[in-house]
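Source file: my_file_25.txt (compact mmCIF, C-alpha atoms)
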```txt
# COMPACT_ATOMS: atom_id res chain seq x y z
CA MET A 178 51.88 -28.52 76.23
CA THR A 179 53.73 -29.18 72.96
CA GLU A 180 57.11 -29.68 74.63
CA MET A 181 55.51 -31.76 77.34
CA SER A 182 54.07 -33.99 74.61
CA VAL A 183 57.60 -34.59 73.28
CA GLN A 184 58.76 -35.71 76.70
CA LEU A 185 55.76 -38.02 77.08
CA GLU A 186 56.37 -39.51 73.64
CA GLN A 187 59.99 -40.22 74.53
CA ILE A 188 58.94 -41.90 77.78
CA ALA A 189 56.37 -44.03 75.95
CA VAL A 190 58.83 -45.09 73.24
CA ARG A 191 61.49 -45.98 75.81
CA ALA A 192 59.01 -48.02 77.86
CA ALA A 193 57.66 -49.89 74.83
CA ARG A 194 61.09 -50.70 73.47
CA GLY A 195 62.16 -51.79 76.94
CA VAL A 196 59.84 -54.81 76.90
CA GLY A 197 60.65 -55.80 73.32
CA ASP A 198 63.40 -58.33 74.01
CA ALA A 199 61.30 -60.19 76.57
CA LEU A 200 58.29 -60.36 74.24
CA ARG A 201 60.37 -61.56 71.30
CA ALA A 202 61.91 -64.25 73.48
CA ALA A 203 58.50 -65.30 74.78
CA PHE A 204 57.03 -65.43 71.27
CA VAL A 205 59.25 -68.29 70.19
CA GLN A 206 58.14 -70.40 73.16
CA ALA A 207 54.91 -72.40 73.37
CA GLN A 208 52.15 -70.34 74.95
CA GLN A 209 49.36 -71.51 77.25
CA PRO A 210 46.74 -68.80 76.89
CA SER A 211 43.63 -68.52 79.01
CA HIS A 212 40.35 -66.82 78.17
CA LYS A 213 38.66 -63.67 79.45
CA ARG A 214 35.18 -63.17 77.93
CA ASP A 215 35.14 -66.17 75.56
CA HIS A 216 37.40 -68.27 73.36
CA HIS A 217 37.93 -65.29 71.03
CA ASP A 218 39.45 -63.23 73.87
CA LEU A 219 42.82 -64.68 74.89
CA VAL A 220 45.26 -63.57 77.55
CA THR A 221 48.70 -64.90 78.49
CA GLU A 222 50.98 -64.49 81.47
CA HIS A 223 53.07 -62.19 79.30
CA ASP A 224 50.22 -59.70 78.87
CA GLU A 225 49.97 -59.32 82.61
CA ARG A 226 53.70 -59.33 83.28
CA THR A 227 54.43 -56.82 80.51
CA GLU A 228 51.75 -54.46 81.75
CA GLN A 229 53.23 -54.54 85.24
CA VAL A 230 56.63 -53.54 83.84
CA LEU A 231 55.15 -50.76 81.71
CA ARG A 232 53.02 -49.47 84.56
CA ALA A 233 56.02 -49.18 86.87
CA GLU A 234 58.16 -47.54 84.17
CA LEU A 235 55.57 -44.92 83.24
CA LEU A 236 54.68 -43.95 86.80
CA ASP A 237 58.36 -43.69 87.71
CA ALA A 238 59.22 -41.59 84.66
CA TRP A 239 56.25 -39.21 85.12
CA PRO A 240 55.03 -39.34 88.73
CA ASP A 241 52.13 -36.95 88.11
CA SER A 242 50.27 -39.58 86.12
CA ALA A 243 47.82 -42.46 86.22
CA VAL A 244 47.75 -45.67 84.18
CA LEU A 245 44.74 -47.44 82.71
CA GLY A 246 45.81 -50.84 81.41
CA GLU A 247 43.88 -53.58 79.67
CA GLU A 248 44.85 -56.22 82.20
CA GLY A 249 45.26 -54.39 85.51
CA GLY A 250 42.76 -51.55 85.34
CA ALA A 251 43.56 -48.13 86.80
CA SER A 252 46.35 -47.13 89.15
CA GLY A 253 47.93 -43.85 90.18
CA ASP A 254 46.44 -40.40 90.42
CA GLY A 255 47.84 -37.64 88.24
CA ALA A 256 47.30 -35.14 85.47
CA VAL A 257 48.63 -37.38 82.69
CA HIS A 258 46.63 -40.50 81.91
CA TRP A 259 48.47 -43.35 80.21
CA LEU A 260 46.35 -45.85 78.24
CA VAL A 261 48.27 -49.11 77.92
CA ASP A 262 47.76 -52.29 75.93
CA PRO A 263 50.77 -54.49 76.75
CA ILE A 264 50.16 -56.88 73.83
CA ASP A 265 47.67 -55.71 71.23
CA GLY A 266 47.10 -58.83 69.15
CA THR A 267 47.32 -61.39 71.94
CA ALA A 268 45.77 -64.14 69.80
CA ASN A 269 48.49 -63.60 67.20
CA PHE A 270 51.16 -63.63 69.89
CA ALA A 271 49.78 -66.75 71.59
CA LEU A 272 49.12 -68.73 68.43
CA GLY A 273 52.35 -67.99 66.58
CA LEU A 274 51.59 -65.11 64.18
CA PRO A 275 54.29 -62.39 64.45
CA PHE A 276 51.94 -59.42 64.25
CA PHE A 277 51.37 -57.79 67.63
CA ALA A 278 52.29 -54.54 69.32
CA VAL A 279 52.75 -52.61 72.52
CA SER A 280 50.44 -49.58 72.53
CA ILE A 281 50.84 -46.63 74.92
CA GLY A 282 48.84 -43.42 74.60
CA ALA A 283 49.02 -40.31 76.79
CA VAL A 284 46.11 -37.97 77.55
CA ALA A 285 46.59 -34.58 79.22
CA ASN A 286 44.04 -31.78 79.63
CA ASP A 287 41.47 -34.08 78.00
CA GLN A 288 43.56 -34.27 74.82
CA LEU A 289 45.64 -36.98 73.18
CA VAL A 290 49.17 -35.62 73.32
CA ALA A 291 51.57 -38.52 72.78
CA GLY A 292 51.69 -42.18 71.92
CA VAL A 293 53.61 -45.13 70.56
CA VAL A 294 52.64 -48.29 68.74
CA TYR A 295 55.64 -50.58 68.90
CA ASP A 296 55.68 -53.34 66.28
CA VAL A 297 57.59 -55.83 68.39
CA MET A 298 58.72 -58.34 65.79
CA ARG A 299 59.80 -55.67 63.29
CA ASP A 300 61.39 -53.62 66.10
CA THR A 301 59.68 -50.50 64.69
CA ALA A 302 58.25 -47.74 66.87
CA PHE A 303 55.46 -45.66 65.33
CA SER A 304 55.00 -42.62 67.55
CA ALA A 305 53.47 -39.16 67.73
CA ASN A 306 53.53 -35.97 69.74
CA LEU A 307 51.96 -32.58 69.07
CA HIS A 308 54.75 -31.77 66.61
CA GLY A 309 54.11 -34.72 64.28
CA ALA A 310 54.26 -38.47 63.70
CA TYR A 311 57.32 -40.67 63.29
CA ALA A 312 58.55 -44.15 62.45
CA ASP A 313 61.73 -44.84 64.42
CA GLY A 314 62.22 -41.10 64.75
CA GLU A 315 61.82 -40.31 61.03
CA PRO A 316 58.85 -38.16 59.93
CA LEU A 317 55.80 -40.21 58.94
CA ARG A 318 53.24 -39.10 56.35
CA SER A 319 49.97 -40.89 55.63
CA THR A 320 49.95 -40.75 51.85
CA GLY A 321 48.45 -43.37 49.57
CA PRO A 322 45.92 -44.19 46.86
CA ALA A 323 42.57 -42.39 46.77
CA THR A 324 40.09 -45.06 45.65
CA ASP A 325 38.69 -48.25 47.14
CA ALA A 326 39.99 -50.32 44.23
CA GLN A 327 43.55 -49.12 44.84
CA ASN A 328 43.44 -49.55 48.62
CA MET A 329 43.57 -52.16 51.34
CA LEU A 330 40.95 -52.23 54.07
CA ILE A 331 42.13 -53.64 57.40
CA THR A 332 39.13 -54.74 59.44
CA SER A 333 37.81 -57.36 61.84
CA TYR A 334 34.30 -56.91 60.45
CA PRO A 335 32.12 -58.90 60.62
CA GLY A 336 32.97 -60.29 64.04
CA PRO A 337 31.23 -63.05 65.98
CA GLY A 338 28.68 -60.68 67.51
CA THR A 339 27.62 -59.27 64.16
CA LEU A 340 27.33 -62.70 62.55
CA ALA A 341 25.39 -64.05 65.54
CA ALA A 342 22.89 -61.23 64.99
CA GLY A 343 22.40 -62.38 61.40
CA ARG A 344 24.16 -59.39 59.90
CA GLY A 345 27.35 -58.51 58.06
CA VAL A 346 27.67 -60.98 55.20
CA GLU A 347 26.18 -58.72 52.53
CA GLU A 348 28.25 -55.73 53.64
CA TYR A 349 31.43 -57.79 53.81
CA THR A 350 30.78 -59.12 50.32
CA THR A 351 30.60 -55.53 49.07
CA LEU A 352 33.87 -54.67 50.80
CA LEU A 353 35.57 -57.67 49.16
CA ARG A 354 34.25 -56.62 45.77
CA GLU A 355 35.09 -52.91 46.00
CA PHE A 356 38.46 -52.85 47.77
CA GLY A 357 41.70 -54.02 46.22
CA ALA A 358 42.32 -56.16 49.31
CA VAL A 359 40.60 -56.81 52.64
CA ARG A 360 42.68 -58.09 55.55
CA ARG A 361 41.88 -59.34 59.06
CA MET A 362 45.19 -58.76 60.83
CA GLY A 363 44.30 -59.10 64.50
CA SER A 364 45.83 -55.93 65.96
CA THR A 365 43.91 -52.65 66.06
CA ALA A 366 46.97 -50.67 67.14
CA LEU A 367 49.11 -51.96 64.27
CA ALA A 368 46.29 -51.42 61.78
CA LEU A 369 46.24 -47.75 62.76
CA ALA A 370 50.02 -47.48 62.66
CA TYR A 371 50.10 -48.80 59.12
CA VAL A 372 47.28 -46.51 58.00
CA ALA A 373 49.47 -43.70 59.31
CA ALA A 374 52.21 -45.10 57.09
CA GLY A 375 49.84 -44.99 54.10
CA ALA A 376 48.43 -48.53 54.05
CA GLY A 377 44.87 -47.75 53.04
CA CYS A 378 42.05 -47.76 55.58
CA ALA A 379 41.02 -49.47 58.80
CA TYR A 380 37.62 -50.01 60.43
CA ALA A 381 36.70 -51.66 63.73
CA TYR A 382 33.93 -51.70 66.30
CA GLY A 383 34.03 -53.13 69.82
CA ILE A 384 37.30 -51.48 70.78
CA HIS A 385 38.65 -49.99 74.00
CA PRO A 386 40.62 -46.83 74.81
CA TRP A 387 43.95 -48.66 75.16
CA ASP A 388 43.49 -50.17 71.66
CA VAL A 389 43.34 -46.84 69.86
CA ALA A 390 44.67 -43.96 71.99
CA ALA A 391 48.16 -44.08 70.51
CA GLY A 392 47.14 -45.10 67.00
CA ALA A 393 44.50 -42.41 66.65
CA LEU A 394 47.01 -39.68 67.40
CA ILE A 395 49.63 -41.21 65.09
CA VAL A 396 47.14 -41.29 62.20
CA GLN A 397 46.08 -37.69 62.79
CA GLN A 398 49.59 -36.34 63.20
CA ALA A 399 50.72 -38.17 60.07
CA GLY A 400 48.05 -36.34 58.07
CA GLY A 401 45.48 -39.14 57.90
CA ARG A 402 41.91 -39.02 59.18
CA TYR A 403 40.66 -40.79 62.31
CA LEU A 404 36.86 -40.76 62.62
CA PRO A 405 35.51 -41.97 65.98
CA LEU A 406 32.19 -43.81 65.70
CA PRO A 407 30.20 -42.23 67.21
CA ASP A 408 32.03 -38.95 67.82
CA THR A 409 31.60 -38.23 71.52
CA GLY A 410 34.36 -35.60 71.68
CA ARG A 411 36.95 -38.02 73.07
CA PRO A 412 38.14 -40.10 70.12
CA TRP A 413 39.88 -42.69 72.30
CA GLU A 414 36.61 -43.48 74.09
CA ALA A 415 34.42 -44.16 71.03
CA PRO A 416 33.58 -47.87 70.58
CA GLY A 417 34.32 -47.74 66.86
CA TYR A 418 36.46 -45.93 64.30
CA LEU A 419 37.27 -45.48 60.66
CA ALA A 420 40.81 -44.41 59.78
CA VAL A 421 41.96 -43.51 56.26
CA ASN A 422 45.16 -42.29 54.70
CA GLY A 423 45.45 -38.60 53.95
CA ASP A 424 44.76 -38.98 50.22
CA PHE A 425 41.72 -41.27 50.49
CA ASP A 426 38.49 -40.15 48.77
CA LEU A 427 36.02 -40.97 51.52
CA PRO A 428 32.96 -39.37 49.85
CA GLY A 429 33.62 -41.57 46.80
CA SER A 430 34.11 -44.74 48.84
CA CYS A 431 31.60 -47.53 49.34
CA LEU A 432 32.25 -47.04 53.07
CA THR A 433 30.15 -43.86 53.04
CA ASP A 434 27.03 -45.90 52.28
CA LEU A 435 28.04 -49.05 54.14
CA LEU A 436 29.06 -47.65 57.52
CA PRO A 437 25.52 -46.94 58.78
CA ARG A 438 24.67 -50.59 58.05
CA MET A 439 27.91 -51.93 59.55
CA LEU A 440 27.52 -50.20 62.91
CA PRO A 441 25.44 -51.93 65.62
CA ARG A 442 21.77 -51.03 65.52
CA THR A 443 21.74 -50.13 69.19
CA ALA A 444 23.01 -46.66 70.06
CA THR A 445 24.31 -47.55 73.50
CA GLY A 446 27.96 -47.60 72.49
CA THR A 447 28.33 -51.03 74.10
CA PRO A 448 30.67 -53.35 72.17
CA LEU A 449 29.04 -56.32 70.53
CA PRO A 450 29.22 -59.63 72.41
CA GLY A 451 32.36 -61.41 71.30
CA GLY A 452 33.62 -58.16 69.81
CA ASP A 453 34.38 -57.12 66.29
CA ASP A 454 37.91 -56.19 67.33
```

Using the file provided, produce a representation of the structure as structure tokens.
Amino acid sequence: MTEMSVQLEQIAVRAARGVGDALRAAFVQAQQPSHKRDHHDLVTEHDERTEQVLRAELLDAWPDSAVLGEEGGASGDGAVHWLVDPIDGTANFALGLPFFAVSIGAVANDQLVAGVVYDVMRDTAFSANLHGAYADGEPLRSTGPATDAQNMLITSYPGPGTLAAGRGVEEYTTLLREFGAVRRMGSTALALAYVAAGAGCAYAYGIHPWDVAAGALIVQQAGGRYLPLPDTGRPWEAPGYLAVNGDFDLPGSCLTDLLPRMLPRTATGTPLPGGDD
């Protein structure tokens, strides 16, 4: 399984890098996004076109596989399941902010085994297999400060659904007070990649498997902690997560007390309307 994970990682990195030039070229052009659920949830022709390219590449490179993509759903029937987000951070991409990624995770035997988060505009591939985590092929370690005051928290909380329910302002105020910096960056996959590189912590709720499959493995293999919320045994399927660098003092963090109040009060696991992602 370990050597197979290396092969799958190489396939994922090659596929992600293969769409980089087209996405960089498209980014400098005016976009005409459309909406899926609401005006917070954008999609462009490039999301759909990129996913088609990735889907074909992955199925050709590993025929015994299936692909679940954000735009096109499921296709194929095989032992390896690819979870694909062609552009994670579509709003950034469509509206001119150069912070978006291609995310590809691989699941085999009900286990995350490989993945890549490709930071398109920096041309940097964060990846992982069962041997470890890497940034452009160099070993990646999730080391960083231990305390809230020394760290950055990357989060989309509170999102429209939370605010519409009359919640979140008090908790967010605490986060702003306790953390050295709080950032809303618009890409779950990149948030996880940078936690793996040591950039503090990340929290989100209202996510999907293709958002986190690659990033969760990269964080774990880099020595950080990825906590699915709730923990259902399949971290890529949980609707929320907290990720922290490997040196972070979670018991001493304000997040330990805040998280139960930040999570939705329903226990259905259904993302909030409008999302917090």

Mind giving me the straight-line distance from CA of Pro240 (chain A) to CA of Gln288 (chain A) in Å, one decimal?
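That distance, rounded to one decimal, is 18.7 Å.
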
With all atoms listed in the file as the basis for distance, which of A:Ala199, A:Ala251, A:Leu404, A:Cys378 is at the shortest distance from Ser319 (chain A)?
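Counting all atoms listed in the file, the residue closest to Ser319 (chain A) is A:Cys378.
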
Using all atoms listed in the file, I'd like a table of the residues in region 207-277 of chain A that come within 9 Å of region 345-365 of chain A; for each, show the closest atom pair and its distance in Å rounded to one decimal, ordered by chain and ascending number, as a Markdown table.
```
| residue | atom | partner | partner_atom | distance |
| --- | --- | --- | --- | --- |
| A:Asp265 | CA | A:Ser364 | CA | 5.6 |
| A:Gly266 | CA | A:Ser364 | CA | 4.5 |
| A:Thr267 | CA | A:Ser364 | CA | 8.2 |
| A:Ala268 | CA | A:Gly363 | CA | 7.5 |
| A:Asn269 | CA | A:Gly363 | CA | 6.7 |
| A:Phe276 | CA | A:Ser364 | CA | 7.2 |
| A:Phe277 | CA | A:Ser364 | CA | 6.1 |
```

With distances taken over only C-alpha atoms, the candidate from A:Ala415, A:Leu317, A:Ala285, A:Ala374 nearest Met178 (chain A) is A:Ala285

Which residue gives the smallest distance to Leu307 (chain A) among A:Leu436, A:Ala399, A:Leu245, A:Cys431, with all atoms listed in the file counted?
A:Ala399

Report the distance between CA of Ala243 (chain A) and CA of Val257 (chain A) in Å, rounded to one decimal place.
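Atom-to-atom, CA of Ala243 (chain A) to CA of Val257 (chain A), that is 6.2 Å.
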
Have a look at CA of Thr324 (chain A) and CA of Gly309 (chain A) and let me know their distance in Å, one decimal.
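About the pair CA of Thr324 (chain A) and CA of Gly309 (chain A): they are 25.5 Å apart.
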
Neighbour list for Asp388 (chain A) as a PyMOL selection string, cut-off 9 Å, all atoms listed in the file, skip fewer than 5 positions in-chain:
chain A and resi 247+260-262+265+280-281+364-366+413

From the list A:Gly383, A:Pro437, A:Gly255, A:Gly273, which residue is nearest Tyr334 (chain A) when using all atoms listed in the file?
A:Gly383
